[in-house]
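Shown below: structure_26.pdb, with PDB, C-alpha atoms and all ligand atoms.
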```
ATOM      1  CA  MET C1442     122.256  72.994  12.238
ATOM      2  CA  ASP C1443     123.277  74.385   8.826
ATOM      3  CA  ILE C1444     126.045  76.909   9.463
ATOM      4  CA  ALA C1445     128.569  77.506  12.258
ATOM      5  CA  VAL C1446     130.099  80.954  12.469
ATOM      6  CA  ILE C1447     133.218  80.836  14.615
ATOM      7  CA  GLY C1448     134.174  84.460  15.032
ATOM      8  CA  SER C1449     133.650  87.933  16.346
ATOM      9  CA  ASN C1450     130.915  90.156  17.627
ATOM     10  CA  MET C1451     131.256  93.898  18.220
ATOM     11  CA  VAL C1452     129.168  96.853  19.260
ATOM     12  CA  ASP C1453     129.177  99.296  16.337
ATOM     13  CA  LEU C1454     129.428 102.975  17.305
ATOM     14  CA  ILE C1455     128.663 104.624  13.991
ATOM     15  CA  SER C1456     129.280 108.344  13.433
ATOM     16  CA  TYR C1457     127.926 109.839  10.222
ATOM     17  CA  ILE C1458     130.424 112.575   9.419
ATOM     18  CA  ASN C1459     130.896 115.315   6.840
ATOM     19  CA  LYS C1460     134.661 115.074   7.116
ATOM     20  CA  MET C1461     137.324 113.550   9.357
ATOM     21  CA  PRO C1462     138.841 116.061  11.796
ATOM     22  CA  ARG C1463     142.543 116.849  11.426
ATOM     23  CA  GLU C1464     144.960 116.606  14.345
ATOM     24  CA  GLY C1465     143.898 118.997  17.120
ATOM     25  CA  GLU C1466     140.644 119.888  15.343
ATOM     26  CA  THR C1467     137.115 119.467  16.733
ATOM     27  CA  LEU C1468     134.355 119.073  14.200
ATOM     28  CA  GLU C1469     130.641 118.551  14.599
ATOM     29  CA  ALA C1470     129.129 115.505  12.896
ATOM     30  CA  PRO C1471     125.471 115.280  11.957
ATOM     31  CA  ASP C1472     124.477 111.886  13.334
ATOM     32  CA  PHE C1473     125.309 108.825  15.430
ATOM     33  CA  GLU C1474     123.895 105.318  15.770
ATOM     34  CA  ILE C1475     124.748 102.344  17.925
ATOM     35  CA  GLY C1476     124.126  98.832  16.674
ATOM     36  CA  CYS C1477     125.159  95.202  16.828
ATOM     37  CA  GLY C1478     128.035  94.307  14.530
ATOM     38  CA  GLY C1479     131.294  92.417  14.274
ATOM     39  CA  LYS C1480     132.136  90.554  11.104
ATOM     40  CA  GLY C1481     131.253  87.141  12.540
ATOM     41  CA  ALA C1482     127.944  88.193  14.049
ATOM     42  CA  ASN C1483     127.016  90.126  10.901
ATOM     43  CA  GLN C1484     127.616  87.039   8.766
ATOM     44  CA  ALA C1485     125.636  84.876  11.191
ATOM     45  CA  VAL C1486     122.702  87.297  11.156
ATOM     46  CA  ALA C1487     122.736  87.576   7.346
ATOM     47  CA  ALA C1488     122.565  83.776   6.997
ATOM     48  CA  ALA C1489     119.858  83.489   9.680
ATOM     49  CA  LYS C1490     117.761  86.216   8.043
ATOM     50  CA  MET C1491     117.766  84.146   4.855
ATOM     51  CA  GLY C1492     116.463  81.122   6.792
ATOM     52  CA  ALA C1493     119.627  79.219   7.766
ATOM     53  CA  ARG C1494     119.897  77.454  11.121
ATOM     54  CA  VAL C1495     123.022  79.100  12.528
ATOM     55  CA  MET C1496     125.164  78.586  15.625
ATOM     56  CA  MET C1497     127.773  81.044  16.793
ATOM     57  CA  VAL C1498     130.955  80.291  18.704
ATOM     58  CA  THR C1499     132.016  83.667  20.103
ATOM     59  CA  LYS C1500     132.905  85.557  23.287
ATOM     60  CA  VAL C1501     131.388  88.673  24.856
ATOM     61  CA  GLY C1502     132.669  90.726  27.792
ATOM     62  CA  ASP C1503     130.980  91.135  31.159
ATOM     63  CA  ASP C1504     129.944  94.747  30.510
ATOM     64  CA  LEU C1505     126.649  96.424  29.719
ATOM     65  CA  PHE C1506     126.865  95.354  26.047
ATOM     66  CA  ALA C1507     127.126  91.605  26.648
ATOM     67  CA  ASP C1508     123.512  90.644  27.375
ATOM     68  CA  ASN C1509     122.269  92.832  24.546
ATOM     69  CA  THR C1510     124.629  91.119  22.086
ATOM     70  CA  ILE C1511     123.442  87.656  23.164
ATOM     71  CA  ALA C1512     119.786  88.738  23.054
ATOM     72  CA  ASN C1513     120.330  90.185  19.590
ATOM     73  CA  LEU C1514     121.759  86.897  18.239
ATOM     74  CA  GLU C1515     118.876  84.983  19.808
ATOM     75  CA  LYS C1516     116.351  87.395  18.291
ATOM     76  CA  TYR C1517     117.478  86.086  14.894
ATOM     77  CA  GLY C1518     117.205  82.467  16.077
ATOM     78  CA  ILE C1519     120.992  81.978  16.314
ATOM     79  CA  ASP C1520     122.130  79.246  18.713
ATOM     80  CA  THR C1521     124.222  80.871  21.482
ATOM     81  CA  GLU C1522     125.086  77.772  23.537
ATOM     82  CA  PHE C1523     128.760  78.484  22.752
ATOM     83  CA  THR C1524     128.583  82.267  23.144
ATOM     84  CA  ASN C1525     130.340  82.831  26.455
ATOM     85  CA  LYS C1526     131.129  85.775  28.719
ATOM     86  CA  VAL C1527     134.729  86.614  29.677
ATOM     87  CA  PRO C1528     134.923  88.001  33.255
ATOM     88  CA  GLY C1529     136.748  91.315  33.696
ATOM     89  CA  THR C1530     136.834  92.084  29.965
ATOM     90  CA  SER C1531     135.034  94.528  27.719
ATOM     91  CA  SER C1532     132.984  93.371  24.767
ATOM     92  CA  GLY C1533     134.403  94.092  21.315
ATOM     93  CA  VAL C1534     133.565  97.595  20.063
ATOM     94  CA  ALA C1535     133.966  99.230  16.672
ATOM     95  CA  PRO C1536     133.985 103.020  16.256
ATOM     96  CA  ILE C1537     132.940 103.545  12.615
ATOM     97  CA  PHE C1538     132.966 106.736  10.530
ATOM     98  CA  VAL C1539     130.711 106.939   7.480
ATOM     99  CA  ASP C1540     131.249 109.847   5.076
ATOM    100  CA  PRO C1541     128.713 111.554   2.773
ATOM    101  CA  GLU C1542     129.808 109.229  -0.058
ATOM    102  CA  SER C1543     128.675 106.246   2.046
ATOM    103  CA  LYS C1544     132.276 105.054   2.496
ATOM    104  CA  ASN C1545     133.415 103.868   5.921
ATOM    105  CA  ARG C1546     136.493 103.812   8.128
ATOM    106  CA  ILE C1547     136.460 101.264  10.951
ATOM    107  CA  LEU C1548     138.506 100.826  14.123
ATOM    108  CA  ILE C1549     138.126  97.630  16.116
ATOM    109  CA  ILE C1550     138.861  97.062  19.786
ATOM    110  CA  LYS C1551     138.639  93.282  19.989
ATOM    111  CA  GLY C1552     137.920  93.007  23.740
ATOM    112  CA  ALA C1553     136.523  89.554  24.568
ATOM    113  CA  ASN C1554     136.977  88.383  20.967
ATOM    114  CA  GLN C1555     140.701  87.954  21.644
ATOM    115  CA  PHE C1556     139.866  85.279  24.195
ATOM    116  CA  LEU C1557     138.188  82.883  21.778
ATOM    117  CA  THR C1558     140.598  79.947  21.875
ATOM    118  CA  PRO C1559     141.189  76.698  19.948
ATOM    119  CA  GLU C1560     139.813  74.937  23.062
ATOM    120  CA  ASP C1561     136.514  76.800  22.576
ATOM    121  CA  VAL C1562     136.292  75.236  19.111
ATOM    122  CA  ASP C1563     136.892  71.765  20.562
ATOM    123  CA  ARG C1564     134.357  72.337  23.355
ATOM    124  CA  ALA C1565     131.703  73.053  20.727
ATOM    125  CA  ALA C1566     132.705  69.966  18.696
ATOM    126  CA  PRO C1567     129.570  67.804  19.229
ATOM    127  CA  LYS C1568     127.328  70.570  17.849
ATOM    128  CA  LEU C1569     129.822  71.767  15.216
ATOM    129  CA  LYS C1570     129.887  68.259  13.746
ATOM    130  CA  LEU C1571     126.203  68.654  12.867
ATOM    131  CA  CYS C1572     126.884  71.713  10.653
ATOM    132  CA  SER C1573     127.265  71.643   6.873
ATOM    133  CA  LEU C1574     129.473  74.737   6.645
ATOM    134  CA  ILE C1575     131.924  76.645   8.848
ATOM    135  CA  VAL C1576     132.378  80.408   8.353
ATOM    136  CA  LEU C1577     135.480  82.228   9.644
ATOM    137  CA  GLN C1578     136.964  85.744   9.694
ATOM    138  CA  LEU C1579     140.078  87.270  11.316
ATOM    139  CA  GLU C1580     138.781  89.285  14.290
ATOM    140  CA  ILE C1581     139.683  86.403  16.624
ATOM    141  CA  PRO C1582     143.130  84.858  17.300
ATOM    142  CA  LEU C1583     144.719  83.212  14.261
ATOM    143  CA  GLU C1584     145.368  79.962  16.163
ATOM    144  CA  THR C1585     141.612  79.668  16.750
ATOM    145  CA  VAL C1586     140.972  80.206  13.044
ATOM    146  CA  TYR C1587     143.558  77.506  12.241
ATOM    147  CA  ARG C1588     141.957  75.045  14.684
ATOM    148  CA  ALA C1589     138.547  75.696  13.130
ATOM    149  CA  ILE C1590     139.955  75.010   9.644
ATOM    150  CA  GLU C1591     141.526  71.770  10.880
ATOM    151  CA  PHE C1592     138.257  70.819  12.563
ATOM    152  CA  GLY C1593     136.374  71.373   9.318
ATOM    153  CA  ASN C1594     138.899  69.235   7.427
ATOM    154  CA  GLU C1595     138.845  66.436  10.046
ATOM    155  CA  ASN C1596     135.065  66.259   9.880
ATOM    156  CA  GLY C1597     134.505  66.786   6.152
ATOM    157  CA  ILE C1598     132.805  70.167   6.713
ATOM    158  CA  PRO C1599     133.516  72.830   4.061
ATOM    159  CA  VAL C1600     135.091  76.060   5.331
ATOM    160  CA  ILE C1601     134.697  79.673   4.141
ATOM    161  CA  LEU C1602     137.480  82.028   5.235
ATOM    162  CA  ASN C1603     136.906  85.765   5.006
ATOM    163  CA  PRO C1604     140.407  87.235   5.629
ATOM    164  CA  ALA C1605     139.102  90.412   7.249
ATOM    165  CA  PRO C1606     140.699  92.436   8.587
ATOM    166  CA  ALA C1607     143.675  91.338   6.461
ATOM    167  CA  SER C1608     146.631  89.993   8.440
ATOM    168  CA  LYS C1609     150.036  89.514   6.844
ATOM    169  CA  GLU C1610     150.668  86.828   9.459
ATOM    170  CA  LEU C1611     147.955  84.609   7.958
ATOM    171  CA  ASP C1612     149.542  81.219   7.233
ATOM    172  CA  PHE C1613     148.748  80.151   3.669
ATOM    173  CA  ASN C1614     149.196  76.492   4.588
ATOM    174  CA  TYR C1615     145.849  76.859   6.381
ATOM    175  CA  VAL C1616     144.263  79.077   3.731
ATOM    176  CA  CYS C1617     144.839  76.278   1.201
ATOM    177  CA  LYS C1618     142.767  73.940   3.365
ATOM    178  CA  CYS C1619     139.683  76.175   3.055
ATOM    179  CA  ASP C1620     137.052  75.600   0.398
ATOM    180  CA  PHE C1621     136.289  79.268  -0.170
ATOM    181  CA  PHE C1622     138.574  82.247   0.382
ATOM    182  CA  VAL C1623     136.572  85.494   0.236
ATOM    183  CA  PRO C1624     138.613  88.745   0.424
ATOM    184  CA  ASN C1625     137.683  92.199  -0.814
ATOM    185  CA  GLU C1626     140.094  93.961  -3.176
ATOM    186  CA  SER C1627     142.124  95.698  -0.472
ATOM    187  CA  GLU C1628     142.491  92.478   1.541
ATOM    188  CA  LEU C1629     143.599  90.687  -1.633
ATOM    189  CA  GLU C1630     146.186  93.428  -2.245
ATOM    190  CA  ILE C1631     147.565  93.215   1.304
ATOM    191  CA  LEU C1632     147.688  89.418   1.314
ATOM    192  CA  THR C1633     149.257  88.950  -2.123
ATOM    193  CA  GLY C1634     151.303  92.169  -2.314
ATOM    194  CA  MET C1635     149.974  92.601  -5.872
ATOM    195  CA  PRO C1636     148.100  95.568  -7.388
ATOM    196  CA  VAL C1637     144.308  95.290  -7.666
ATOM    197  CA  GLU C1638     143.334  98.391  -9.648
ATOM    198  CA  THR C1639     141.978  96.601 -12.712
ATOM    199  CA  GLU C1640     139.993  93.400 -13.197
ATOM    200  CA  GLU C1641     143.029  91.859 -14.920
ATOM    201  CA  GLN C1642     145.173  92.632 -11.860
ATOM    202  CA  ILE C1643     142.547  91.196  -9.506
ATOM    203  CA  LYS C1644     142.376  88.070 -11.660
ATOM    204  CA  ALA C1645     146.179  87.756 -11.548
ATOM    205  CA  ALA C1646     146.325  88.262  -7.755
ATOM    206  CA  ALA C1647     143.534  85.718  -7.145
ATOM    207  CA  GLY C1648     145.308  83.386  -9.594
ATOM    208  CA  THR C1649     148.405  83.283  -7.396
ATOM    209  CA  LEU C1650     146.236  81.993  -4.543
ATOM    210  CA  ILE C1651     144.773  79.297  -6.807
ATOM    211  CA  GLU C1652     148.338  78.295  -7.738
ATOM    212  CA  LYS C1653     149.133  77.985  -4.031
ATOM    213  CA  GLY C1654     146.272  75.474  -3.717
ATOM    214  CA  VAL C1655     143.188  77.525  -2.734
ATOM    215  CA  LYS C1656     140.142  75.929  -4.439
ATOM    216  CA  ASP C1657     137.818  78.900  -4.886
ATOM    217  CA  VAL C1658     138.633  82.584  -4.487
ATOM    218  CA  ILE C1659     135.653  84.944  -4.444
ATOM    219  CA  VAL C1660     136.697  88.613  -4.524
ATOM    220  CA  THR C1661     134.073  91.164  -3.520
ATOM    221  CA  MET C1662     134.776  94.326  -5.535
ATOM    222  CA  GLY C1663     132.105  96.747  -4.273
ATOM    223  CA  SER C1664     130.366  98.571  -7.102
ATOM    224  CA  ARG C1665     132.405  96.531  -9.624
ATOM    225  CA  GLY C1666     130.670  93.313  -8.568
ATOM    226  CA  VAL C1667     132.142  89.968  -7.574
ATOM    227  CA  MET C1668     134.887  87.882  -9.213
ATOM    228  CA  TRP C1669     134.876  84.102  -8.682
ATOM    229  CA  VAL C1670     138.190  82.498  -9.616
ATOM    230  CA  THR C1671     138.711  78.759  -9.593
ATOM    231  CA  LYS C1672     141.177  76.507 -11.424
ATOM    232  CA  GLY C1673     140.911  77.459 -15.103
ATOM    233  CA  GLU C1674     137.720  79.529 -14.726
ATOM    234  CA  VAL C1675     136.835  83.139 -13.961
ATOM    235  CA  HIS C1676     133.274  84.448 -13.539
ATOM    236  CA  ILE C1677     132.250  88.033 -12.892
ATOM    237  CA  VAL C1678     128.840  88.813 -11.405
ATOM    238  CA  ASP C1679     127.940  92.478 -11.868
ATOM    239  CA  SER C1680     126.783  94.575  -8.947
ATOM    240  CA  HIS C1681     123.320  96.164  -8.856
ATOM    241  CA  LYS C1682     123.010  99.918  -9.228
ATOM    242  CA  VAL C1683     121.474 101.185  -5.986
ATOM    243  CA  ASN C1684     121.422 104.402  -4.009
ATOM    244  CA  ALA C1685     124.177 103.657  -1.475
ATOM    245  CA  ILE C1686     123.756 105.292   1.935
ATOM    246  CA  ASP C1687     126.093 103.215   4.111
ATOM    247  CA  THR C1688     128.317 100.388   2.842
ATOM    248  CA  THR C1689     129.328  99.174   6.329
ATOM    249  CA  GLY C1690     128.851  95.424   6.691
ATOM    250  CA  ALA C1691     128.084  94.847   3.000
ATOM    251  CA  GLY C1692     130.904  92.310   2.685
ATOM    252  CA  ASP C1693     129.550  90.418   5.700
ATOM    253  CA  ALA C1694     126.050  90.561   4.206
ATOM    254  CA  PHE C1695     127.439  88.946   1.054
ATOM    255  CA  ILE C1696     129.231  86.157   2.934
ATOM    256  CA  GLY C1697     126.329  85.258   5.254
ATOM    257  CA  CYS C1698     123.842  85.164   2.398
ATOM    258  CA  PHE C1699     126.280  83.212   0.184
ATOM    259  CA  ALA C1700     126.777  80.680   3.000
ATOM    260  CA  HIS C1701     123.028  80.115   3.277
ATOM    261  CA  TYR C1702     122.395  79.607  -0.433
ATOM    262  CA  PHE C1703     125.495  77.438  -0.838
ATOM    263  CA  THR C1704     124.403  75.056   1.932
ATOM    264  CA  GLN C1705     120.983  74.867   0.289
ATOM    265  CA  SER C1706     122.048  74.433  -3.354
ATOM    266  CA  GLN C1707     125.804  73.697  -3.580
ATOM    267  CA  ASP C1708     125.541  76.027  -6.603
ATOM    268  CA  VAL C1709     128.322  78.630  -6.284
ATOM    269  CA  LEU C1710     127.185  80.958  -9.072
ATOM    270  CA  HIS C1711     123.566  81.008  -7.907
ATOM    271  CA  SER C1712     124.726  81.673  -4.331
ATOM    272  CA  ILE C1713     126.941  84.570  -5.511
ATOM    273  CA  LYS C1714     124.001  86.090  -7.424
ATOM    274  CA  MET C1715     121.681  85.892  -4.392
ATOM    275  CA  ALA C1716     124.391  87.300  -2.118
ATOM    276  CA  THR C1717     125.077  90.151  -4.550
ATOM    277  CA  ALA C1718     121.417  91.180  -4.379
ATOM    278  CA  PHE C1719     121.358  90.873  -0.575
ATOM    279  CA  ALA C1720     124.506  92.996  -0.208
ATOM    280  CA  ALA C1721     123.181  95.619  -2.659
ATOM    281  CA  LEU C1722     120.024  96.047  -0.597
ATOM    282  CA  SER C1723     122.079  96.306   2.597
ATOM    283  CA  VAL C1724     123.904  99.435   1.420
ATOM    284  CA  THR C1725     120.644 101.299   0.853
ATOM    285  CA  LYS C1726     120.072 101.531   4.626
ATOM    286  CA  ARG C1727     122.129 102.733   7.568
ATOM    287  CA  GLY C1728     123.986 100.410   9.919
ATOM    288  CA  THR C1729     125.318  96.885   9.619
ATOM    289  CA  GLN C1730     122.896  94.161  10.732
ATOM    290  CA  SER C1731     120.091  96.717  10.904
ATOM    291  CA  SER C1732     120.469  97.255   7.146
ATOM    292  CA  TYR C1733     120.081  93.595   6.166
ATOM    293  CA  PRO C1734     116.958  92.837   4.114
ATOM    294  CA  THR C1735     114.339  90.139   4.651
ATOM    295  CA  VAL C1736     113.844  87.149   2.328
ATOM    296  CA  GLU C1737     110.758  88.893   0.896
ATOM    297  CA  GLU C1738     112.722  92.069   0.157
ATOM    298  CA  VAL C1739     115.456  90.070  -1.601
ATOM    299  CA  GLU C1740     112.931  88.101  -3.690
ATOM    300  CA  HIS C1741     111.071  91.280  -4.617
ATOM    301  CA  PHE C1742     114.327  93.003  -5.605
ATOM    302  CA  ILE C1743     115.455  90.067  -7.740
ATOM    303  CA  LYS C1744     112.110  89.952  -9.575
ATOM    304  CA  ALA C1745     112.389  93.693 -10.239
ATOM    305  CA  VAL C1746     115.940  93.592 -11.632
ATOM    306  CA  VAL C1747     115.839  90.376 -13.707
TER     307      VAL C1747
HETATM  308  O1  LIG K   1     132.478  94.499   8.401
HETATM  309  C1  LIG K   1     131.847  95.462   9.204
HETATM  310  C2  LIG K   1     132.125  95.187  10.637
HETATM  311  O2  LIG K   1     133.502  95.352  10.879
HETATM  312  C3  LIG K   1     131.443  96.104  11.616
HETATM  313  O3  LIG K   1     130.201  95.619  12.034
HETATM  314  C4  LIG K   1     132.458  96.248  12.729
HETATM  315  O4  LIG K   1     131.991  95.761  13.939
HETATM  316  C5  LIG K   1     133.709  95.520  12.252
HETATM  317  O5  LIG K   1     133.818  94.264  12.797
END
```
Reformat the file's structure so that it appears as structure tokens.
Amino acid sequence: MDIAVIGSNMVDLISYINKMPREGETLEAPDFEIGCGGKGANQAVAAAKMGARVMMVTKVGDDLFADNTIANLEKYGIDTEFTNKVPGTSSGVAPIFVDPESKNRILIIKGANQFLTPEDVDRAAPKLKLCSLIVLQLEIPLETVYRAIEFGNENGIPVILNPAPASKELDFNYVCKCDFFVPNESELEILTGMPVETEEQIKAAAGTLIEKGVKDVIVTMGSRGVMWVTKGEVHIVDSHKVNAIDTTGAGDAFIGCFAHYFTQSQDVLHSIKMATAFAALSVTKRGTQSSYPTVEEVEHFIKAVV
């Protein structure tokens, strides 16, 4: 096993809208799609699509979505031995609104994801120990995230933490124990309380995390690219100019693809460049996982842009 994603899955209910209705207003929207999502599952699928052997520790409900979510993970070859159903609970769902500028607004109803416990991490221990990387986000209880970080540290397994959605309750004593901390600009702003308008401000905000002991901070900045900050060094990888249709799940695409290339090469800059291409291609199609490219598409794109 290469990568363990300990995290969320959701059913994405995506409305393509012209504008958000105001209070009391009913508006017609042009289109709707339903798909498999959730930050954890998206990251797992992105890594698996690139060729990684991935396991997922997650929880689904006992509703009509559950079997489809498990079947979807298995379709991508993801190990679901530790994907369990929670009786009497709904699966996680995410109503998403995508506007004509391809920007999204997301609500999450965590459902079964809130029942992923530290004990679930320990139950999966024999298989988790075989992984070379653990990937985490914040759509599951924080104590489960903390146990997974500790588990990684106890077993010498590097940990990537994607602090999404941002939680002010996140304990930085645990963040400092992660190898990679990967926020987007708005998450960085919420977590540091610092402005992130300019690259200099982003650098300064990420710098405060490095001072607190985080080893590598990788900030995804959308069309402005990616900033990698580590002690004494800052690298910026530019984004690719593409025709963006739907940016939902692009951050997850980046993280899953990064995780795969990092386990293969241990080369952070190379992994960021591959993940930047993967994420760029993902925004050219609708949906989250359904927009993720194949290895061939990524290789073709890279040849065309280099
Ligand atoms: O990052 C995008 C994801 O956020 C969506 O798939 C949605 O399910 C929410 O978890």
task = Please give me, as a list in words, the residues lying within 7 Å of ligand LIG 1 (chain K) when counting all atoms listed in the file.
result = Asn1450, Met1451, Val1452, Asp1453, Cys1477, Gly1478, Gly1479, Lys1480, Asn1483, Val1534, Ala1535, Ile1547, Ile1549, Thr1689, Gly1690, Ala1691, Gly1692, Asp1693 and Thr1729 of chain C
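Atom pair CA of Met1715 (chain C) / CA of Ala1745 (chain C): separated by 13.5 Å.
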task = Using only C-alpha atoms, determine which residues lie at most 12 Å from region 1637-1650 of chain C, disregarding the query and same-chain residues fewer than 6 positions distant; provide the list as a PyMOL selection string.
result = chain C and resi 1613-1614+1616-1619+1621-1631+1656-1662+1665-1677
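Nearest to Gln1578 (chain C) of all the residues C:Gln1484, C:Ser1664, C:Ser1532, C:Gln1555 is C:Gln1484, based on all atoms listed in the file.
Picture a line from CA of Phe1699 (chain C) to CA of Lys1568 (chain C); it runs 21.7 Å.
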request  = Do a neighbour search on region 1705-1708 of chain C at 12 Å with all atoms listed in the file, toss out local chain neighbours closer than 2 positions, and write the hits as a VMD selection string.
outcome  = chain C and resid 1443 to 1444 1488 1491 to 1494 1573 to 1574 1599 1698 to 1703 1710 to 1715
Keeping only C-alpha atoms, write the selected residues to a file as a PDB file, keeping the file's coordinate frame.
```
ATOM      1  CA  ASP C1443     123.277  74.385   8.826  1.00  0.00           C
ATOM      2  CA  ILE C1444     126.045  76.909   9.463  1.00  0.00           C
ATOM      3  CA  ALA C1488     122.565  83.776   6.997  1.00  0.00           C
ATOM      4  CA  MET C1491     117.766  84.146   4.855  1.00  0.00           C
ATOM      5  CA  GLY C1492     116.463  81.122   6.792  1.00  0.00           C
ATOM      6  CA  ALA C1493     119.627  79.219   7.766  1.00  0.00           C
ATOM      7  CA  ARG C1494     119.897  77.454  11.121  1.00  0.00           C
ATOM      8  CA  SER C1573     127.265  71.643   6.873  1.00  0.00           C
ATOM      9  CA  LEU C1574     129.473  74.737   6.645  1.00  0.00           C
ATOM     10  CA  PRO C1599     133.516  72.830   4.061  1.00  0.00           C
ATOM     11  CA  CYS C1698     123.842  85.164   2.398  1.00  0.00           C
ATOM     12  CA  PHE C1699     126.280  83.212   0.184  1.00  0.00           C
ATOM     13  CA  ALA C1700     126.777  80.680   3.000  1.00  0.00           C
ATOM     14  CA  HIS C1701     123.028  80.115   3.277  1.00  0.00           C
ATOM     15  CA  TYR C1702     122.395  79.607  -0.433  1.00  0.00           C
ATOM     16  CA  PHE C1703     125.495  77.438  -0.838  1.00  0.00           C
ATOM     17  CA  LEU C1710     127.185  80.958  -9.072  1.00  0.00           C
ATOM     18  CA  HIS C1711     123.566  81.008  -7.907  1.00  0.00           C
ATOM     19  CA  SER C1712     124.726  81.673  -4.331  1.00  0.00           C
ATOM     20  CA  ILE C1713     126.941  84.570  -5.511  1.00  0.00           C
ATOM     21  CA  LYS C1714     124.001  86.090  -7.424  1.00  0.00           C
ATOM     22  CA  MET C1715     121.681  85.892  -4.392  1.00  0.00           C
TER      23      MET C1715
END
```
request  = Grab the CA of Thr1558 (chain C) to CA of Val1486 (chain C) distance for me, in Å with one decimal place.
outcome  = 22.1 Å
key: Picked residues, the PyMOL selection byres (((chain C and resi 1525) around 9) and not hetatm), as a PyMOL selection string   = chain C and resi 1498-1502+1521-1524+1526-1527
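When only C-alpha atoms are used to measure the gap to Asp1504 (chain C), the shortest distance among C:Asn1684, C:Glu1464, C:Pro1528, C:Val1736 belongs to C:Pro1528.
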task = Identify the residues around (118.0, 84.5, 15.5) within a radius of 10 Å, measuring from only C-alpha atoms in the coordinates stated by the file, and give them as a count of residues only.
result = 22
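Considering the residues C:Leu1548, C:Val1746, C:Ile1651, C:Ala1589 and counting only C-alpha atoms, Asp1561 (chain C) has its shortest atom-to-atom contact with C:Ala1589.
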Once you count all atoms listed in the file, which residues end up no further than 7 Å from (127.3, 117.3, 10.4) in the file's frame, shown as an mmCIF file with C-alpha atoms, keeping the file's coordinate frame?
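Everything below was put into selection_1.cif:
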```
data_model
loop_
_atom_site.group_PDB
_atom_site.id
_atom_site.type_symbol
_atom_site.label_atom_id
_atom_site.label_comp_id
_atom_site.auth_asym_id
_atom_site.auth_seq_id
_atom_site.Cartn_x
_atom_site.Cartn_y
_atom_site.Cartn_z
ATOM 1 C CA ILE C 1458 130.424 112.575 9.419
ATOM 2 C CA ASN C 1459 130.896 115.315 6.840
ATOM 3 C CA GLU C 1469 130.641 118.551 14.599
ATOM 4 C CA ALA C 1470 129.129 115.505 12.896
ATOM 5 C CA PRO C 1471 125.471 115.280 11.957
ATOM 6 C CA ASP C 1472 124.477 111.886 13.334
#
```
